[in-house]
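S.K.: Here it is, the structure, as structure tokens.
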Amino acid sequence: MKKILYILLTLSLVIVSCKSRKEAKEKQEATIAEESKLPVSQDDAAQYLSAEQAALEPEDREVGIAVLSISKSVCFGVCPAYSAQIFKDGTMLYEGIKNVKNIGKFKGKVDLNQLEATINEVVSIGYFKLNAVYDNKYVTDVPTVTTYINNKGKAKKVICRFECDPLLTKANKAIEALVNSIELSQIEVKK
């Protein structure tokens with residue numbers, strides 16, 4: 001009798017685990033599909049501007065386009081989840097989602113020399129030669145990191161969830177270091 005109960009318990013745990021993995025996989029695929037719709041050039045970016053970005057735009061509509069951005073999605077563990085967009089004028093919009101120091105929407109100002117140095121570092125790493133997507137649909141529960149650079153008329157977005165190129169990891173760390181160095185002021189509390 002104990003063996004039958006043990007087998008039933010094990011079987012039910014396996015079924016629940018498979019369902020959770022399937023849901024996680026579907027959620028991550030949806031996230032990747034949504035992130036792949038983000039603008040990669042100035043021509044198609046206007047339709048994706050948030051209210052915060054639109055408020056930043058000057059009359060020439062150039063400052064409202066991010067020149068550098070990074071976003072990290074959630075996972076089942078304690079992965080930091082946030083997004084940050086840095087604009088041509090040095091304005092940074094940050095949204096802390098989960099497992100980060102700052103939860104909610106924040107604004108900061110990046111020193112333009114520091115921004116230029118970070119972009120140059122990421123470009124010199126070989127960012128524009130990287131694949132657009134690094135993923136494995138059979139792996140679940142890993143966060144997705146999406147980065148975007150718009151530099152001197154050349155733009156690229158890279159989505160990485162699994163088996164990232166070491167050069168991309170190095171570029172992401174440079175971007176994260178810049179984001180983490182910025183003093184933020186809260187503009188909206190997450191509910």
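Residue numbering restarts at 1 in every chain; chains get A, B, ... in the order shown in the structure tokens, and ligands count up from 1 in that same order.
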Find the spatial neighbours of range 86-89 of chain A, counting only C-alpha atoms, within a cut-off of 6 Å - ignore same-chain residues fewer than 4 positions away - and output them as number ranges by chain.

M.R.: A: 63, 66-69

S.K.: List the spatial neighbours of Pro166 in chain A as an MDAnalysis selection string - criterion: any atom at most 12 Å away, only C-alpha atoms, same-chain residues fewer than 3 positions off excluded.

M.R.: chainID A and resid 125:127 130:131 134 160 162:163 169:173

S.K.: Looking at A:Val142, A:Val158, A:Ile103, A:Leu115, which one is nearest to Thr91 in chain A, with distances taken over only C-alpha atoms?

M.R.: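 Among the listed residues, the smallest separation from Thr91 in chain A belongs to A:Leu115.
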
S.K.: If you run DSSP on the backbone, which residues of range 59-127 of chain A are strand (DSSP E or B), as a compact mmCIF listing (two decimals) with all heavy atoms, in the first residue's frame?

M.R.:
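Okay, states.txt is ready:
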# COMPACT_ATOMS: atom_id res chain seq x y z
N ALA A 66 15.89 55.44 -27.70
CA ALA A 66 16.94 54.91 -26.83
C ALA A 66 18.20 54.65 -27.65
O ALA A 66 18.14 54.17 -28.78
CB ALA A 66 16.48 53.63 -26.16
N VAL A 67 19.34 54.98 -27.07
CA VAL A 67 20.61 54.65 -27.70
C VAL A 67 21.22 53.40 -27.06
O VAL A 67 22.07 52.75 -27.65
CB VAL A 67 21.63 55.81 -27.66
CG1 VAL A 67 21.15 56.97 -28.50
CG2 VAL A 67 21.92 56.25 -26.25
N LEU A 68 20.73 53.06 -25.88
CA LEU A 68 21.24 51.89 -25.17
C LEU A 68 20.14 51.40 -24.24
O LEU A 68 19.53 52.20 -23.53
CB LEU A 68 22.48 52.29 -24.36
CG LEU A 68 23.24 51.20 -23.62
CD1 LEU A 68 23.87 50.22 -24.61
CD2 LEU A 68 24.34 51.84 -22.78
N SER A 69 19.86 50.11 -24.25
CA SER A 69 18.86 49.58 -23.32
C SER A 69 19.21 48.15 -22.95
O SER A 69 19.92 47.44 -23.67
CB SER A 69 17.45 49.66 -23.90
OG SER A 69 17.28 48.70 -24.93
N ILE A 70 18.68 47.75 -21.80
CA ILE A 70 18.83 46.38 -21.32
C ILE A 70 17.57 46.03 -20.54
O ILE A 70 17.00 46.88 -19.85
CB ILE A 70 20.09 46.20 -20.44
CG1 ILE A 70 20.28 44.72 -20.06
CG2 ILE A 70 20.05 47.09 -19.20
CD1 ILE A 70 21.64 44.42 -19.45
N SER A 71 17.12 44.80 -20.68
CA SER A 71 16.02 44.31 -19.86
C SER A 71 16.30 42.86 -19.49
O SER A 71 16.89 42.12 -20.28
CB SER A 71 14.68 44.43 -20.58
OG SER A 71 14.62 43.57 -21.69
N LYS A 72 15.92 42.51 -18.28
CA LYS A 72 16.08 41.15 -17.78
C LYS A 72 14.72 40.67 -17.30
O LYS A 72 14.05 41.37 -16.54
CB LYS A 72 17.08 41.10 -16.63
CG LYS A 72 18.50 41.32 -17.06
CD LYS A 72 19.43 41.13 -15.88
CE LYS A 72 20.80 40.72 -16.36
NZ LYS A 72 21.64 40.24 -15.29
N ALA A 81 15.02 41.26 -12.14
CA ALA A 81 14.20 41.57 -13.31
C ALA A 81 13.98 43.08 -13.36
O ALA A 81 13.45 43.67 -12.41
CB ALA A 81 12.86 40.84 -13.23
N TYR A 82 14.40 43.68 -14.47
CA TYR A 82 14.29 45.13 -14.62
C TYR A 82 14.46 45.50 -16.08
O TYR A 82 14.84 44.67 -16.90
CB TYR A 82 15.34 45.85 -13.77
CG TYR A 82 16.76 45.63 -14.26
CD1 TYR A 82 17.34 46.48 -15.20
CD2 TYR A 82 17.51 44.56 -13.79
CE1 TYR A 82 18.63 46.27 -15.65
CE2 TYR A 82 18.80 44.34 -14.24
CZ TYR A 82 19.36 45.21 -15.16
OH TYR A 82 20.64 44.99 -15.62
N SER A 83 14.19 46.76 -16.38
CA SER A 83 14.50 47.27 -17.71
C SER A 83 15.04 48.69 -17.55
O SER A 83 14.65 49.41 -16.63
CB SER A 83 13.28 47.27 -18.62
OG SER A 83 12.34 48.22 -18.19
N ALA A 84 15.95 49.05 -18.44
CA ALA A 84 16.53 50.40 -18.42
C ALA A 84 16.76 50.84 -19.85
O ALA A 84 17.28 50.08 -20.66
CB ALA A 84 17.85 50.41 -17.65
N GLN A 85 16.33 52.07 -20.14
CA GLN A 85 16.56 52.67 -21.45
C GLN A 85 17.31 53.98 -21.23
O GLN A 85 16.90 54.79 -20.41
CB GLN A 85 15.25 52.98 -22.18
CG GLN A 85 14.40 51.78 -22.52
CD GLN A 85 13.52 51.36 -21.36
OE1 GLN A 85 13.07 52.20 -20.60
NE2 GLN A 85 13.29 50.08 -21.22
N ILE A 86 18.38 54.15 -21.99
CA ILE A 86 19.17 55.38 -21.91
C ILE A 86 19.04 56.10 -23.24
O ILE A 86 19.22 55.50 -24.31
CB ILE A 86 20.64 55.07 -21.58
CG1 ILE A 86 20.72 54.30 -20.26
CG2 ILE A 86 21.44 56.37 -21.49
CD1 ILE A 86 22.10 53.80 -19.91
N PHE A 87 18.74 57.39 -23.17
CA PHE A 87 18.49 58.19 -24.35
C PHE A 87 19.68 59.07 -24.69
O PHE A 87 20.60 59.25 -23.90
CB PHE A 87 17.21 59.02 -24.15
CG PHE A 87 16.02 58.15 -23.88
CD1 PHE A 87 15.68 57.79 -22.59
CD2 PHE A 87 15.26 57.66 -24.92
CE1 PHE A 87 14.60 56.95 -22.34
CE2 PHE A 87 14.18 56.82 -24.69
CZ PHE A 87 13.85 56.48 -23.40
N THR A 91 19.32 60.88 -20.42
CA THR A 91 18.22 60.51 -19.53
C THR A 91 18.08 58.99 -19.52
O THR A 91 18.11 58.34 -20.56
CB THR A 91 16.90 61.14 -20.00
OG1 THR A 91 17.05 62.55 -20.00
CG2 THR A 91 15.74 60.75 -19.11
N MET A 92 17.92 58.42 -18.31
CA MET A 92 17.70 56.99 -18.19
C MET A 92 16.36 56.75 -17.52
O MET A 92 16.06 57.35 -16.49
CB MET A 92 18.79 56.30 -17.37
CG MET A 92 18.56 54.79 -17.26
SD MET A 92 19.90 53.90 -16.46
CE MET A 92 19.47 54.13 -14.75
N LEU A 93 15.55 55.89 -18.11
CA LEU A 93 14.32 55.43 -17.50
C LEU A 93 14.55 54.00 -17.05
O LEU A 93 15.03 53.16 -17.82
CB LEU A 93 13.16 55.49 -18.49
CG LEU A 93 12.77 56.88 -18.96
CD1 LEU A 93 11.64 56.80 -19.98
CD2 LEU A 93 12.35 57.75 -17.79
N TYR A 94 14.22 53.73 -15.80
CA TYR A 94 14.49 52.42 -15.20
C TYR A 94 13.20 51.93 -14.57
O TYR A 94 12.49 52.68 -13.91
CB TYR A 94 15.57 52.57 -14.13
CG TYR A 94 15.87 51.32 -13.35
CD1 TYR A 94 16.89 50.47 -13.75
CD2 TYR A 94 15.15 51.00 -12.21
CE1 TYR A 94 17.17 49.32 -13.02
CE2 TYR A 94 15.43 49.85 -11.49
CZ TYR A 94 16.44 49.02 -11.90
OH TYR A 94 16.72 47.87 -11.18
N GLU A 95 12.91 50.65 -14.78
CA GLU A 95 11.78 50.03 -14.10
C GLU A 95 12.25 48.75 -13.42
O GLU A 95 12.66 47.79 -14.09
CB GLU A 95 10.63 49.71 -15.04
CG GLU A 95 9.44 49.11 -14.30
CD GLU A 95 8.22 48.89 -15.16
OE1 GLU A 95 8.30 49.04 -16.38
OE2 GLU A 95 7.17 48.55 -14.58
N GLY A 96 12.22 48.76 -12.10
CA GLY A 96 12.57 47.58 -11.33
C GLY A 96 11.33 46.73 -11.15
O GLY A 96 10.29 47.20 -10.69
N ILE A 97 11.44 45.46 -11.54
CA ILE A 97 10.28 44.57 -11.52
C ILE A 97 10.32 43.61 -10.34
O ILE A 97 9.36 43.50 -9.57
CB ILE A 97 10.18 43.79 -12.85
CG1 ILE A 97 10.06 44.79 -14.00
CG2 ILE A 97 9.02 42.81 -12.84
CD1 ILE A 97 10.32 44.22 -15.36
N LYS A 98 11.46 42.94 -10.15
CA LYS A 98 11.54 41.93 -9.08
C LYS A 98 13.01 41.65 -8.76
O LYS A 98 13.86 41.65 -9.64
CB LYS A 98 10.85 40.65 -9.55
CG LYS A 98 10.67 39.59 -8.51
CD LYS A 98 9.87 38.43 -9.09
CE LYS A 98 9.69 37.36 -8.03
NZ LYS A 98 8.99 36.20 -8.54
N GLY A 104 9.80 49.66 -9.06
CA GLY A 104 8.95 50.74 -9.54
C GLY A 104 9.63 51.46 -10.69
O GLY A 104 10.61 50.96 -11.25
N LYS A 105 9.12 52.63 -11.05
CA LYS A 105 9.68 53.40 -12.16
C LYS A 105 10.55 54.53 -11.62
O LYS A 105 10.15 55.24 -10.71
CB LYS A 105 8.57 53.94 -13.04
CG LYS A 105 7.82 52.84 -13.78
CD LYS A 105 6.83 53.39 -14.76
CE LYS A 105 6.15 52.24 -15.51
NZ LYS A 105 5.24 52.73 -16.54
N PHE A 106 11.72 54.66 -12.25
CA PHE A 106 12.70 55.64 -11.81
C PHE A 106 13.27 56.38 -13.02
O PHE A 106 13.18 55.92 -14.14
CB PHE A 106 13.85 54.95 -11.06
CG PHE A 106 13.43 54.32 -9.77
CD1 PHE A 106 12.83 53.07 -9.76
CD2 PHE A 106 13.64 54.96 -8.57
CE1 PHE A 106 12.44 52.47 -8.58
CE2 PHE A 106 13.26 54.38 -7.38
CZ PHE A 106 12.66 53.13 -7.38
N LYS A 107 13.90 57.51 -12.72
CA LYS A 107 14.55 58.31 -13.74
C LYS A 107 15.92 58.69 -13.23
O LYS A 107 16.11 58.90 -12.03
CB LYS A 107 13.71 59.57 -13.98
CG LYS A 107 14.04 60.37 -15.19
CD LYS A 107 13.01 61.50 -15.31
CE LYS A 107 13.16 62.25 -16.59
NZ LYS A 107 12.16 63.31 -16.72
N GLY A 108 16.90 58.74 -14.13
CA GLY A 108 18.24 59.14 -13.75
C GLY A 108 18.92 59.86 -14.90
O GLY A 108 18.37 59.93 -16.00
N LYS A 109 20.10 60.36 -14.64
CA LYS A 109 20.86 61.08 -15.67
C LYS A 109 22.25 60.46 -15.77
O LYS A 109 22.96 60.35 -14.78
CB LYS A 109 20.96 62.57 -15.30
CG LYS A 109 21.40 63.44 -16.43
CD LYS A 109 20.30 63.59 -17.47
CE LYS A 109 20.62 64.72 -18.43
NZ LYS A 109 19.67 64.86 -19.48

S.K.: In Å, how far is it from CA of Asn136 in chain A to CA of Asn99 in chain A?

M.R.: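 CA of Asn136 in chain A sits 24.4 Å away from CA of Asn99 in chain A.
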
S.K.: Mind pulling up the distance from CA of Val110 in chain A to CA of Ile175 in chain A?

M.R.: 12.0 Å
